[in-house]
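File shown here: entry-v3.cif, holding mmCIF, C-alpha atoms and all ligand atoms.
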data_upload
#
loop_
_atom_site.group_PDB
_atom_site.id
_atom_site.type_symbol
_atom_site.label_atom_id
_atom_site.label_comp_id
_atom_site.auth_asym_id
_atom_site.auth_seq_id
_atom_site.Cartn_x
_atom_site.Cartn_y
_atom_site.Cartn_z
ATOM 1 C CA MET A 6 -15.744 -18.408 3.910
ATOM 2 C CA ASN A 7 -17.017 -19.991 0.723
ATOM 3 C CA ARG A 8 -17.536 -18.717 -2.756
ATOM 4 C CA ARG A 9 -21.136 -17.821 -2.082
ATOM 5 C CA SER A 10 -20.209 -15.545 0.774
ATOM 6 C CA PHE A 11 -17.438 -14.047 -1.321
ATOM 7 C CA ILE A 12 -19.638 -12.837 -4.147
ATOM 8 C CA LYS A 13 -23.160 -11.683 -3.462
ATOM 9 C CA SER A 14 -24.945 -9.934 -6.265
ATOM 10 C CA THR A 15 -26.758 -6.961 -4.801
ATOM 11 C CA GLY A 16 -28.200 -5.561 -8.011
ATOM 12 C CA ILE A 17 -27.663 -2.036 -6.763
ATOM 13 C CA ALA A 18 -26.738 0.559 -9.354
ATOM 14 C CA SER A 19 -23.264 1.799 -8.643
ATOM 15 C CA LEU A 20 -22.909 5.527 -8.129
ATOM 16 C CA GLY A 21 -25.019 6.378 -11.134
ATOM 17 C CA LEU A 22 -22.961 4.317 -13.588
ATOM 18 C CA GLY A 23 -25.701 1.758 -14.080
ATOM 19 C CA LEU A 24 -23.410 -1.067 -13.035
ATOM 20 C CA LYS A 25 -24.563 -4.119 -11.167
ATOM 21 C CA ILE A 26 -22.361 -4.557 -8.158
ATOM 22 C CA ASP A 27 -20.878 -7.816 -7.014
ATOM 23 C CA LYS A 28 -20.376 -7.338 -3.349
ATOM 24 C CA THR A 29 -17.154 -8.643 -1.953
ATOM 25 C CA TYR A 30 -17.532 -10.412 1.371
ATOM 26 C CA SER A 31 -17.197 -7.690 3.898
ATOM 27 C CA ASN A 32 -14.562 -7.591 6.514
ATOM 28 C CA ASN A 33 -13.953 -3.944 6.975
ATOM 29 C CA SER A 34 -12.127 -4.253 10.229
ATOM 30 C CA LEU A 35 -8.483 -3.373 10.263
ATOM 31 C CA SER A 36 -7.758 -6.949 11.252
ATOM 32 C CA ASN A 37 -8.021 -8.141 7.646
ATOM 33 C CA PHE A 38 -4.307 -7.996 7.160
ATOM 34 C CA PRO A 39 -1.835 -9.351 6.618
ATOM 35 C CA ILE A 40 -3.292 -10.825 3.465
ATOM 36 C CA VAL A 41 -1.948 -11.928 0.088
ATOM 37 C CA ILE A 42 -3.889 -12.440 -3.127
ATOM 38 C CA ALA A 43 -2.736 -13.786 -6.475
ATOM 39 C CA THR A 44 -4.082 -14.345 -9.951
ATOM 40 C CA TRP A 45 -5.082 -17.944 -10.731
ATOM 41 C CA ASP A 46 -4.880 -21.081 -8.601
ATOM 42 C CA VAL A 47 -1.387 -20.743 -7.184
ATOM 43 C CA LYS A 48 -1.715 -21.952 -3.611
ATOM 44 C CA ASN A 49 1.971 -22.858 -3.324
ATOM 45 C CA ALA A 50 2.873 -19.292 -4.227
ATOM 46 C CA THR A 51 0.420 -17.694 -1.778
ATOM 47 C CA LYS A 52 1.555 -20.170 0.890
ATOM 48 C CA ARG A 53 5.142 -18.978 0.507
ATOM 49 C CA ALA A 54 4.057 -15.327 0.677
ATOM 50 C CA TRP A 55 1.912 -16.055 3.735
ATOM 51 C CA GLU A 56 4.843 -17.689 5.545
ATOM 52 C CA ILE A 57 6.632 -14.348 5.265
ATOM 53 C CA LEU A 58 3.644 -12.181 6.147
ATOM 54 C CA SER A 59 2.511 -14.291 9.085
ATOM 55 C CA SER A 60 5.953 -14.249 10.622
ATOM 56 C CA GLY A 61 6.037 -10.448 10.535
ATOM 57 C CA GLY A 62 7.821 -10.015 7.196
ATOM 58 C CA ASN A 63 7.068 -7.189 4.788
ATOM 59 C CA SER A 64 4.821 -7.205 1.754
ATOM 60 C CA LEU A 65 7.676 -6.644 -0.703
ATOM 61 C CA ASP A 66 9.523 -9.797 0.374
ATOM 62 C CA ALA A 67 6.222 -11.682 0.402
ATOM 63 C CA VAL A 68 5.281 -10.888 -3.204
ATOM 64 C CA GLU A 69 8.797 -11.458 -4.519
ATOM 65 C CA GLN A 70 9.119 -14.838 -2.827
ATOM 66 C CA GLY A 71 5.572 -15.841 -3.807
ATOM 67 C CA CYS A 72 6.162 -15.027 -7.490
ATOM 68 C CA ARG A 73 9.434 -16.976 -7.426
ATOM 69 C CA VAL A 74 7.532 -20.166 -6.575
ATOM 70 C CA GLU A 75 5.688 -20.048 -9.897
ATOM 71 C CA GLU A 76 8.752 -18.906 -11.844
ATOM 72 C CA ALA A 77 10.549 -22.048 -10.668
ATOM 73 C CA ASN A 78 7.592 -24.324 -11.465
ATOM 74 C CA LYS A 79 8.542 -26.108 -14.711
ATOM 75 C CA LYS A 80 4.979 -27.288 -15.232
ATOM 76 C CA GLY A 81 3.562 -23.756 -15.507
ATOM 77 C CA GLN A 82 3.722 -22.725 -19.183
ATOM 78 C CA SER A 83 3.124 -19.024 -18.751
ATOM 79 C CA VAL A 84 5.736 -17.941 -16.230
ATOM 80 C CA GLY A 85 9.483 -18.425 -15.693
ATOM 81 C CA ILE A 86 11.069 -21.740 -16.623
ATOM 82 C CA GLY A 87 8.736 -23.776 -18.823
ATOM 83 C CA GLY A 88 7.059 -20.676 -20.281
ATOM 84 C CA LEU A 89 5.843 -21.075 -23.867
ATOM 85 C CA PRO A 90 8.218 -19.394 -26.332
ATOM 86 C CA ASP A 91 7.723 -16.817 -29.060
ATOM 87 C CA ARG A 92 7.380 -17.871 -32.710
ATOM 88 C CA GLU A 93 11.128 -18.318 -33.038
ATOM 89 C CA GLY A 94 11.383 -20.554 -29.976
ATOM 90 C CA ASN A 95 12.736 -17.946 -27.539
ATOM 91 C CA VAL A 96 11.373 -17.917 -23.984
ATOM 92 C CA THR A 97 11.339 -14.243 -22.995
ATOM 93 C CA LEU A 98 10.181 -13.040 -19.604
ATOM 94 C CA ASP A 99 8.602 -9.779 -18.446
ATOM 95 C CA ALA A 100 8.126 -8.794 -14.804
ATOM 96 C CA CYS A 101 7.721 -5.841 -12.506
ATOM 97 C CA ILE A 102 7.542 -5.123 -8.809
ATOM 98 C CA MET A 103 6.339 -2.119 -6.814
ATOM 99 C CA ASP A 104 6.746 -1.314 -3.139
ATOM 100 C CA TYR A 105 4.913 0.794 -0.565
ATOM 101 C CA TYR A 106 7.140 3.813 -1.139
ATOM 102 C CA GLY A 107 6.042 3.942 -4.771
ATOM 103 C CA ASN A 108 9.375 2.585 -5.977
ATOM 104 C CA CYS A 109 9.292 0.209 -8.895
ATOM 105 C CA GLY A 110 11.489 -1.966 -11.069
ATOM 106 C CA SER A 111 10.863 -3.865 -14.251
ATOM 107 C CA VAL A 112 12.485 -6.209 -16.762
ATOM 108 C CA VAL A 113 11.421 -6.734 -20.334
ATOM 109 C CA TYR A 114 12.382 -9.430 -22.844
ATOM 110 C CA LEU A 115 14.646 -11.159 -20.353
ATOM 111 C CA LYS A 116 16.142 -14.434 -21.605
ATOM 112 C CA GLU A 117 17.749 -17.368 -19.761
ATOM 113 C CA ILE A 118 17.133 -16.069 -16.227
ATOM 114 C CA LYS A 119 14.086 -17.631 -14.591
ATOM 115 C CA HIS A 120 13.578 -15.298 -11.627
ATOM 116 C CA ALA A 121 12.527 -12.217 -13.556
ATOM 117 C CA ILE A 122 10.720 -10.843 -10.491
ATOM 118 C CA SER A 123 13.957 -10.774 -8.501
ATOM 119 C CA VAL A 124 15.828 -9.120 -11.346
ATOM 120 C CA ALA A 125 13.043 -6.489 -11.410
ATOM 121 C CA ARG A 126 13.547 -5.960 -7.684
ATOM 122 C CA MET A 127 17.290 -5.516 -8.240
ATOM 123 C CA VAL A 128 16.582 -2.949 -10.970
ATOM 124 C CA MET A 129 14.456 -1.084 -8.413
ATOM 125 C CA GLU A 130 16.967 -1.316 -5.601
ATOM 126 C CA LYS A 131 20.381 -1.277 -7.278
ATOM 127 C CA THR A 132 20.034 0.989 -10.299
ATOM 128 C CA PRO A 133 18.834 4.556 -10.872
ATOM 129 C CA HIS A 134 16.359 3.188 -13.465
ATOM 130 C CA VAL A 135 12.901 1.619 -13.507
ATOM 131 C CA MET A 136 13.171 -0.668 -16.525
ATOM 132 C CA LEU A 137 15.868 -2.748 -18.188
ATOM 133 C CA ALA A 138 15.329 -4.696 -21.408
ATOM 134 C CA GLY A 139 16.806 -7.570 -23.384
ATOM 135 C CA GLU A 140 20.570 -8.107 -23.389
ATOM 136 C CA GLY A 141 21.083 -5.254 -20.928
ATOM 137 C CA ALA A 142 18.665 -6.814 -18.454
ATOM 138 C CA LYS A 143 20.389 -10.184 -18.780
ATOM 139 C CA LYS A 144 23.845 -8.684 -18.397
ATOM 140 C CA PHE A 145 22.699 -6.831 -15.295
ATOM 141 C CA ALA A 146 21.147 -9.999 -13.841
ATOM 142 C CA ILE A 147 24.345 -11.978 -14.358
ATOM 143 C CA SER A 148 26.366 -9.187 -12.747
ATOM 144 C CA MET A 149 24.041 -9.502 -9.743
ATOM 145 C CA GLY A 150 24.761 -13.237 -9.481
ATOM 146 C CA PHE A 151 21.717 -14.727 -11.261
ATOM 147 C CA LYS A 152 22.289 -18.073 -12.956
ATOM 148 C CA LYS A 153 21.874 -18.453 -16.729
ATOM 149 C CA GLU A 154 19.815 -21.484 -17.760
ATOM 150 C CA ASN A 155 17.779 -22.831 -20.641
ATOM 151 C CA LEU A 156 14.133 -21.899 -19.939
ATOM 152 C CA LEU A 157 12.623 -23.938 -22.803
ATOM 153 C CA THR A 158 11.523 -27.235 -21.278
ATOM 154 C CA GLU A 159 11.024 -30.367 -23.384
ATOM 155 C CA LYS A 160 7.239 -30.058 -22.984
ATOM 156 C CA SER A 161 7.128 -26.407 -24.102
ATOM 157 C CA LYS A 162 9.497 -27.190 -26.988
ATOM 158 C CA LYS A 163 7.251 -30.046 -28.095
ATOM 159 C CA ASP A 164 4.153 -27.815 -27.928
ATOM 160 C CA TRP A 165 5.924 -25.091 -29.911
ATOM 161 C CA ILE A 166 7.023 -27.559 -32.630
ATOM 162 C CA LYS A 167 3.441 -28.787 -32.866
ATOM 163 C CA TRP A 168 2.155 -25.212 -33.096
ATOM 164 C CA LYS A 169 4.577 -24.556 -35.959
ATOM 165 C CA GLU A 170 2.769 -27.146 -38.100
ATOM 166 C CA ASN A 171 -0.036 -24.610 -38.652
ATOM 167 C CA GLU A 172 1.368 -21.414 -37.151
ATOM 168 C CA GLU A 173 -2.164 -20.302 -36.409
ATOM 169 C CA TYR A 174 -2.030 -17.435 -33.974
ATOM 170 C CA LYS A 175 -4.811 -16.577 -31.596
ATOM 171 C CA PRO A 176 -4.596 -15.683 -27.932
ATOM 172 C CA ILE A 177 -5.274 -18.622 -25.639
ATOM 173 C CA ILE A 178 -8.034 -17.523 -23.291
ATOM 174 C CA ASN A 179 -6.988 -19.348 -20.123
ATOM 175 C CA ILE A 180 -3.662 -21.178 -20.384
ATOM 176 C CA GLU A 181 -4.320 -24.215 -18.178
ATOM 177 C CA ASN A 182 -6.018 -21.878 -15.728
ATOM 178 C CA HIS A 183 -2.626 -20.405 -15.135
ATOM 179 C CA ASP A 184 -1.541 -17.272 -16.934
ATOM 180 C CA THR A 185 0.493 -14.253 -15.821
ATOM 181 C CA ILE A 186 1.079 -14.431 -12.082
ATOM 182 C CA GLY A 187 0.277 -11.233 -10.256
ATOM 183 C CA MET A 188 0.448 -10.958 -6.499
ATOM 184 C CA LEU A 189 -0.592 -8.243 -4.048
ATOM 185 C CA ALA A 190 0.070 -8.220 -0.313
ATOM 186 C CA ILE A 191 -0.581 -6.016 2.676
ATOM 187 C CA ASP A 192 1.606 -6.680 5.689
ATOM 188 C CA LYS A 193 1.120 -6.251 9.427
ATOM 189 C CA ASN A 194 2.194 -2.604 9.147
ATOM 190 C CA GLN A 195 -0.543 -2.063 6.544
ATOM 191 C CA ASN A 196 2.010 -1.561 3.770
ATOM 192 C CA ILE A 197 1.111 -2.765 0.277
ATOM 193 C CA SER A 198 3.393 -4.194 -2.419
ATOM 194 C CA GLY A 199 2.801 -6.044 -5.660
ATOM 195 C CA GLY A 200 4.583 -8.160 -8.240
ATOM 196 C CA CYS A 201 3.785 -9.471 -11.682
ATOM 197 C CA THR A 202 5.679 -12.056 -13.768
ATOM 198 C CA THR A 203 5.028 -13.739 -17.120
ATOM 199 C CA SER A 204 6.473 -15.321 -20.231
ATOM 200 C CA GLY A 205 3.870 -13.330 -22.156
ATOM 201 C CA LEU A 206 1.614 -14.525 -24.920
ATOM 202 C CA ALA A 207 2.412 -17.953 -26.285
ATOM 203 C CA TYR A 208 3.916 -17.794 -29.790
ATOM 204 C CA LYS A 209 4.005 -14.004 -29.816
ATOM 205 C CA MET A 210 5.976 -12.113 -32.465
ATOM 206 C CA GLN A 211 9.636 -11.848 -31.586
ATOM 207 C CA GLY A 212 10.156 -8.710 -29.511
ATOM 208 C CA ARG A 213 6.549 -8.434 -28.368
ATOM 209 C CA VAL A 214 6.065 -7.086 -24.842
ATOM 210 C CA GLY A 215 2.744 -7.064 -23.016
ATOM 211 C CA ASP A 216 1.319 -5.283 -20.023
ATOM 212 C CA SER A 217 3.051 -7.213 -17.262
ATOM 213 C CA PRO A 218 6.293 -5.206 -16.994
ATOM 214 C CA ILE A 219 4.568 -1.871 -17.546
ATOM 215 C CA ILE A 220 3.908 0.007 -14.323
ATOM 216 C CA GLY A 221 0.284 1.184 -14.362
ATOM 217 C CA SER A 222 -0.848 -1.456 -16.859
ATOM 218 C CA GLY A 223 0.164 -4.868 -15.488
ATOM 219 C CA LEU A 224 0.558 -3.627 -11.915
ATOM 220 C CA PHE A 225 0.024 -0.530 -9.849
ATOM 221 C CA ILE A 226 0.388 0.176 -6.144
ATOM 222 C CA ASP A 227 -0.466 3.304 -4.213
ATOM 223 C CA ASN A 228 0.127 2.636 -0.545
ATOM 224 C CA GLU A 229 -2.507 5.214 0.453
ATOM 225 C CA VAL A 230 -5.199 3.471 -1.579
ATOM 226 C CA GLY A 231 -4.402 -0.092 -2.640
ATOM 227 C CA GLY A 232 -3.039 -2.162 -5.490
ATOM 228 C CA ALA A 233 -4.159 -3.946 -8.627
ATOM 229 C CA VAL A 234 -2.683 -6.442 -11.048
ATOM 230 C CA ALA A 235 -3.818 -7.777 -14.423
ATOM 231 C CA THR A 236 -3.684 -11.050 -16.298
ATOM 232 C CA GLY A 237 -4.773 -12.000 -19.790
ATOM 233 C CA LEU A 238 -4.295 -10.298 -23.154
ATOM 234 C CA GLY A 239 -1.763 -7.594 -22.399
ATOM 235 C CA GLU A 240 -2.537 -5.449 -25.434
ATOM 236 C CA GLU A 241 -6.041 -4.777 -24.087
ATOM 237 C CA VAL A 242 -4.743 -3.952 -20.616
ATOM 238 C CA LEU A 243 -2.137 -1.597 -22.079
ATOM 239 C CA LYS A 244 -4.750 0.285 -24.096
ATOM 240 C CA THR A 245 -6.693 1.114 -20.937
ATOM 241 C CA VAL A 246 -3.783 1.392 -18.440
ATOM 242 C CA GLY A 247 -5.809 -1.132 -16.498
ATOM 243 C CA SER A 248 -4.152 -1.508 -13.095
ATOM 244 C CA PHE A 249 -3.758 2.236 -12.632
ATOM 245 C CA LEU A 250 -7.421 2.601 -13.535
ATOM 246 C CA VAL A 251 -8.453 0.062 -10.877
ATOM 247 C CA VAL A 252 -6.425 1.856 -8.188
ATOM 248 C CA GLU A 253 -7.798 5.253 -9.184
ATOM 249 C CA LEU A 254 -11.345 3.873 -9.004
ATOM 250 C CA MET A 255 -10.628 2.617 -5.481
ATOM 251 C CA ARG A 256 -9.324 6.101 -4.653
ATOM 252 C CA GLN A 257 -12.719 7.417 -5.723
ATOM 253 C CA GLY A 258 -14.364 5.087 -3.200
ATOM 254 C CA TYR A 259 -15.171 1.987 -5.219
ATOM 255 C CA SER A 260 -14.621 -1.373 -3.576
ATOM 256 C CA PRO A 261 -11.887 -3.585 -5.086
ATOM 257 C CA SER A 262 -14.585 -5.757 -6.711
ATOM 258 C CA ASP A 263 -16.391 -2.826 -8.292
ATOM 259 C CA ALA A 264 -13.153 -1.207 -9.427
ATOM 260 C CA CYS A 265 -12.105 -4.433 -11.215
ATOM 261 C CA LYS A 266 -15.534 -4.711 -12.797
ATOM 262 C CA ILE A 267 -15.526 -1.154 -14.106
ATOM 263 C CA ALA A 268 -12.014 -1.631 -15.546
ATOM 264 C CA VAL A 269 -13.177 -4.790 -17.358
ATOM 265 C CA LYS A 270 -16.190 -2.884 -18.696
ATOM 266 C CA ARG A 271 -13.863 -0.183 -19.989
ATOM 267 C CA ILE A 272 -12.414 -2.865 -22.293
ATOM 268 C CA VAL A 273 -15.576 -4.665 -23.350
ATOM 269 C CA LYS A 274 -17.601 -1.514 -24.028
ATOM 270 C CA LYS A 275 -15.126 -0.106 -26.520
ATOM 271 C CA PRO A 276 -16.557 0.296 -30.006
ATOM 272 C CA ASN A 277 -15.722 -2.835 -32.039
ATOM 273 C CA SER A 278 -14.373 -4.661 -29.009
ATOM 274 C CA ASN A 279 -13.950 -8.355 -29.807
ATOM 275 C CA TYR A 280 -13.889 -9.228 -26.114
ATOM 276 C CA LYS A 281 -15.537 -12.614 -26.761
ATOM 277 C CA ASN A 282 -12.203 -13.832 -28.098
ATOM 278 C CA PHE A 283 -9.858 -12.925 -25.289
ATOM 279 C CA GLN A 284 -9.486 -12.922 -21.549
ATOM 280 C CA VAL A 285 -8.528 -10.122 -19.188
ATOM 281 C CA GLY A 286 -8.795 -10.452 -15.421
ATOM 282 C CA TYR A 287 -7.976 -8.110 -12.555
ATOM 283 C CA ILE A 288 -7.453 -8.620 -8.855
ATOM 284 C CA ALA A 289 -7.314 -5.758 -6.374
ATOM 285 C CA LEU A 290 -6.661 -5.073 -2.720
ATOM 286 C CA ASN A 291 -7.376 -1.903 -0.761
ATOM 287 C CA LYS A 292 -5.787 -0.341 2.293
ATOM 288 C CA LYS A 293 -8.298 -2.041 4.600
ATOM 289 C CA GLY A 294 -7.310 -5.460 3.313
ATOM 290 C CA GLU A 295 -10.532 -5.863 1.291
ATOM 291 C CA THR A 296 -10.081 -7.765 -1.951
ATOM 292 C CA GLY A 297 -11.881 -8.209 -5.243
ATOM 293 C CA THR A 298 -11.626 -9.656 -8.715
ATOM 294 C CA PHE A 299 -13.405 -9.545 -12.069
ATOM 295 C CA SER A 300 -12.678 -10.953 -15.529
ATOM 296 C CA ILE A 301 -14.123 -10.951 -19.010
ATOM 297 C CA GLN A 302 -14.412 -14.714 -19.389
ATOM 298 C CA LYS A 303 -15.265 -17.603 -17.153
ATOM 299 C CA GLY A 304 -12.302 -19.599 -15.906
ATOM 300 C CA PHE A 305 -10.278 -16.941 -14.127
ATOM 301 C CA SER A 306 -9.701 -17.318 -10.395
ATOM 302 C CA MET A 307 -7.993 -15.608 -7.495
ATOM 303 C CA THR A 308 -6.142 -17.241 -4.616
ATOM 304 C CA GLN A 309 -6.247 -15.530 -1.248
ATOM 305 C CA TYR A 310 -4.327 -16.372 1.895
ATOM 306 C CA ASN A 311 -5.116 -14.684 5.201
ATOM 307 C CA LYS A 312 -5.833 -15.940 8.695
ATOM 308 C CA GLU A 313 -8.876 -17.777 7.336
ATOM 309 C CA GLY A 314 -6.744 -19.976 5.086
ATOM 310 C CA ASN A 315 -5.458 -20.428 1.569
ATOM 311 C CA ILE A 316 -8.521 -20.308 -0.677
ATOM 312 C CA ASN A 317 -9.023 -20.204 -4.437
ATOM 313 C CA PHE A 318 -12.136 -18.338 -5.630
ATOM 314 C CA ASP A 319 -13.732 -18.329 -9.048
ATOM 315 C CA SER A 320 -13.818 -14.806 -10.388
ATOM 316 C CA PRO A 321 -17.138 -13.279 -11.394
ATOM 317 C CA TYR A 322 -17.053 -12.533 -15.120
ATOM 318 C CA TYR A 323 -18.716 -10.441 -17.796
ATOM 319 C CA HIS A 324 -19.278 -12.720 -20.765
ATOM 320 C CA LYS A 325 -22.159 -15.065 -20.020
ATOM 321 C CA GLN A 326 -22.362 -17.499 -22.919
ATOM 322 C CA GLY A 327 -25.355 -19.435 -24.182
HETATM 323 N N1 LIG A 401 -0.579 -10.399 -19.550
HETATM 324 C C1 LIG A 401 0.567 -10.947 -20.092
HETATM 325 C C2 LIG A 401 0.868 -10.561 -21.451
HETATM 326 O O1 LIG A 401 -0.014 -10.197 -22.216
HETATM 327 O O2 LIG A 401 2.017 -10.612 -21.829
#
In structure tokens, write the structure found in this file.
Ligand code: GLY
Amino acid sequence: MNRRSFIKSTGIASLGLGLKIDKTYSNNSLSNFPIVIATWDVKNATKRAWEILSSGGNSLDAVEQGCRVEEANKKGQSVGIGGLPDREGNVTLDACIMDYYGNCGSVVYLKEIKHAISVARMVMEKTPHVMLAGEGAKKFAISMGFKKENLLTEKSKKDWIKWKENEEYKPIINIENHDTIGMLAIDKNQNISGGCTTSGLAYKMQGRVGDSPIIGSGLFIDNEVGGAVATGLGEEVLKTVGSFLVVELMRQGYSPSDACKIAVKRIVKKPNSNYKNFQVGYIALNKKGETGTFSIQKGFSMTQYNKEGNINFDSPYYHKQG
């Protein structure tokens, strides 16, 4: 399967909405799972998730373990250790996880604990709550045995000090082709789970939280329908409750590709939208194991691992420049 077979423009108007449809490669048979997809080019992460799925493990373990790979990757500057800090030099992490029973857990403004996704899972499994924030989240993580460590690497510290020379703030469209990591998986029992983990916007205001830990915005799973996850400028995803929107569109019968495209259009078609200056991308997976992606800008990609291999695809996008 190559990129050309993945995206074929059909030019058919979509259910009266006047949308051009990008057709996802079609594999409608129920043999298209297990499968895992992730935002950006994160083949090590999808490989880890696939090891779990292909040996009969469940989708929840797969997405947690897959996300942990990127959280532990010091070179990635948008997730876990090595994440770029806020304006004051604090690395703060946001993450959430959702399983096939509709359970979810989330952490917000977590400091000094790199595996935010696992803390989110503990919130889901060990507390009566959905979301823990700040000091409380850290205290809880430590009580669960997580190790405290400095998340600001020398490289991210150097970049932050350089940024402080001008303190010019504008969202970076694609951080090294590697922004928020979102992962969706469907296991051999056809159960869907998802996870999402990020250090948020580089040089954000202290206390800022984006879409990634917010169930329905950064991530949403409905095991009867499918799942979706977002990356990019969280404020724009929050304003449209993006991942929930994608899942609800799939419930209405749209393919994952079309659902992602319509959700992106919801953002760019807003009056006074300045979409040319920011990125938002979605990936989605439905109950049949069909997948799709769409973004505002060029440069976003999705990695997919199923029995056909571990493949990174460029995402189709809205903003054609020039
Ligand atoms: N999508 C990540 C963030 O805006 O924080």
Inset, instruction - Determine the residue set returned by the PyMOL selection byres (((not hetatm)) within 7 of (chain A and resi 401)) for the present structure, and present it as an MDAnalysis selection string. - result: chainID A and resid 185 203:206 214:217 223 235:240
Legend entry - Two-atom distance - atom CA of A:Asp164, atom CA of A:Thr202 (Å):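 Separation of atom CA of A:Asp164 and atom CA of A:Thr202: 21.2 Å.
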Inset, instruction - Skip stretch 91-105 of chain A itself and residues of its chain fewer than 6 positions away, then list as a count of residues only all residues within 7 Å of it, counting all atoms listed in the file. - result: 34
Legend entry - Selected residue of minimal separation from A:Ala146 among A:Tyr323, A:Lys119, A:Glu173, A:Glu56, counting only C-alpha atoms: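 Closest to A:Ala146 of all the choices is A:Lys119.
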Inset, instruction - Could you please determine the separation between atom CA of A:Leu58 and atom CA of A:Asp184 in Å, to one decimal place? - result: 24.2 Å
Inset, instruction - State, in Å with one decimal place, the distance from atom CA of A:Ile42 to atom CA of A:Gly88. - result: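 Atom CA of A:Gly88 lies at a distance of 22.0 Å from atom CA of A:Ile42.
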Inset, instruction - To verify the selection step, state as a list in words which residues the PyMOL selection byres (((chain A and resi 40) around 6) and not hetatm) yields on this input. - result: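 On the file shown, the PyMOL selection byres (((chain A and resi 40) around 6) and not hetatm) covers Phe38, Pro39, Val41, Ala190, Ile191, Tyr310 and Asn311 of chain A.
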Go ahead and fit an axis-aligned box to every listed atom of stretch 104-112 of chain A plus 4 Å each side, and pass me the centre and edge lengths in Å, one decimal, as JSON.
{"center_x": 8.7, "center_y": -1.1, "center_z": -8.7, "size_x": 15.6, "size_y": 18.2, "size_z": 24.2}
